[in-house]
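The structure under discussion appears below in the form of structure tokens.
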Amino acid sequence: MELPSHQPTTQFLTLEESAKVDAALLSSPEKFLTRLTISSLRVLKQIAQDYDVKIEDLTAQQVIAWFEKDGKIRREQGIDAAYLKW
């Protein structure tokens, strides 16, 4: 599996989505979990694309391997080469 290079502007939650979460009748912990879930969906879509499978067909092992690979890229090539920018 080779992870594609992405622009550092990859966003996991748009300003519009963030505003919608803020406007929702949710507690602060619920808003946090909602933001995390929306962001996670974007990461899962990328992982599924990289493995050329449907999201529902991803396995826990594939998700773990993808994060290991992205972390290795970040450590060896720098943050800009990795998908996740943290």
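If you're wondering about the labels, chains in the structure tokens are A, B, ... by order shown, residues count from 1 in each chain, ligands from 1 in order shown.
By only C-alpha atoms, and with residues fewer than 4 positions from region 71-73 of chain A along its chain excluded, the set lying at most 9 Å from it is Leu3, Trp66, Phe67, Gln77, Gly78, Ile79, Ala81, Ala82, Tyr83 and Leu84 of chain A.
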Smallest atom-to-atom distance to Ile55 (chain A): which of A:Lys31, A:Glu68, A:Asp80, A:Ser40, using only C-alpha atoms? A:Ser40
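Remark: for Phe32 (chain A), the closest of the candidate residues A:Val63, A:Leu13, A:Leu58, A:Ile47 is A:Leu13 (distances computed over only C-alpha atoms).
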Run DSSP on the backbone and grab whatever in chain A lands in helix (DSSP H, G or I); send it over as an mmCIF file with C-alpha atoms, in the first residue's frame.
data_model
loop_
_atom_site.group_PDB
_atom_site.id
_atom_site.type_symbol
_atom_site.label_atom_id
_atom_site.label_comp_id
_atom_site.auth_asym_id
_atom_site.auth_seq_id
_atom_site.Cartn_x
_atom_site.Cartn_y
_atom_site.Cartn_z
ATOM 1 C CA LEU A 15 -16.202 25.526 8.391
ATOM 2 C CA GLU A 16 -19.817 24.902 7.356
ATOM 3 C CA GLU A 17 -19.873 21.513 9.072
ATOM 4 C CA SER A 18 -18.298 22.980 12.182
ATOM 5 C CA ALA A 19 -20.932 25.729 12.254
ATOM 6 C CA LYS A 20 -23.692 23.129 11.903
ATOM 7 C CA VAL A 21 -22.258 21.140 14.812
ATOM 8 C CA ASP A 22 -22.033 24.337 16.889
ATOM 9 C CA ALA A 23 -25.679 25.122 16.117
ATOM 10 C CA SER A 28 -20.106 19.950 24.535
ATOM 11 C CA PRO A 29 -19.023 16.281 24.774
ATOM 12 C CA GLU A 30 -21.613 15.357 22.121
ATOM 13 C CA LYS A 31 -20.354 18.132 19.828
ATOM 14 C CA PHE A 32 -16.789 16.881 20.255
ATOM 15 C CA LEU A 33 -17.830 13.321 19.419
ATOM 16 C CA THR A 34 -19.805 14.555 16.397
ATOM 17 C CA ARG A 35 -16.771 16.431 15.055
ATOM 18 C CA LEU A 36 -14.571 13.396 15.690
ATOM 19 C CA THR A 37 -17.030 11.115 13.897
ATOM 20 C CA ILE A 38 -17.264 13.359 10.825
ATOM 21 C CA SER A 39 -13.465 13.600 10.705
ATOM 22 C CA SER A 40 -13.129 9.837 11.167
ATOM 23 C CA LEU A 41 -15.456 9.242 8.243
ATOM 24 C CA ARG A 42 -13.107 11.238 6.004
ATOM 25 C CA VAL A 43 -10.095 9.217 7.172
ATOM 26 C CA LEU A 44 -11.963 5.939 6.672
ATOM 27 C CA LYS A 45 -12.912 7.006 3.139
ATOM 28 C CA GLN A 46 -9.227 7.639 2.392
ATOM 29 C CA ILE A 47 -8.155 4.313 3.897
ATOM 30 C CA ALA A 48 -10.801 2.466 1.871
ATOM 31 C CA GLN A 49 -9.695 4.283 -1.288
ATOM 32 C CA ASP A 50 -6.049 3.397 -0.646
ATOM 33 C CA TYR A 51 -6.992 -0.286 -0.220
ATOM 34 C CA ILE A 55 -15.546 1.326 3.798
ATOM 35 C CA GLU A 56 -17.758 -1.418 5.174
ATOM 36 C CA ASP A 57 -15.223 -4.010 3.974
ATOM 37 C CA ALA A 60 -9.359 -3.416 11.865
ATOM 38 C CA GLN A 61 -5.988 -4.761 10.681
ATOM 39 C CA GLN A 62 -6.146 -2.643 7.512
ATOM 40 C CA VAL A 63 -6.922 0.471 9.549
ATOM 41 C CA ILE A 64 -4.032 -0.254 11.922
ATOM 42 C CA ALA A 65 -1.634 -0.943 9.032
ATOM 43 C CA TRP A 66 -2.689 2.267 7.295
ATOM 44 C CA PHE A 67 -1.985 4.346 10.430
ATOM 45 C CA GLU A 68 1.366 2.582 10.886
ATOM 46 C CA LYS A 69 2.295 3.364 7.275
ATOM 47 C CA ASP A 70 1.201 7.008 7.553
ATOM 48 C CA GLY A 71 3.165 7.370 10.814
ATOM 49 C CA LYS A 72 6.244 5.881 9.189
ATOM 50 C CA ILE A 73 5.942 8.299 6.266
ATOM 51 C CA ARG A 74 5.619 11.205 8.721
ATOM 52 C CA ARG A 75 8.708 10.102 10.666
ATOM 53 C CA GLU A 76 10.863 9.360 7.616
ATOM 54 C CA GLN A 77 9.726 11.962 5.075
ATOM 55 C CA ILE A 79 4.727 15.822 8.075
ATOM 56 C CA ASP A 80 3.992 17.189 4.597
ATOM 57 C CA ALA A 81 4.447 13.747 3.035
#
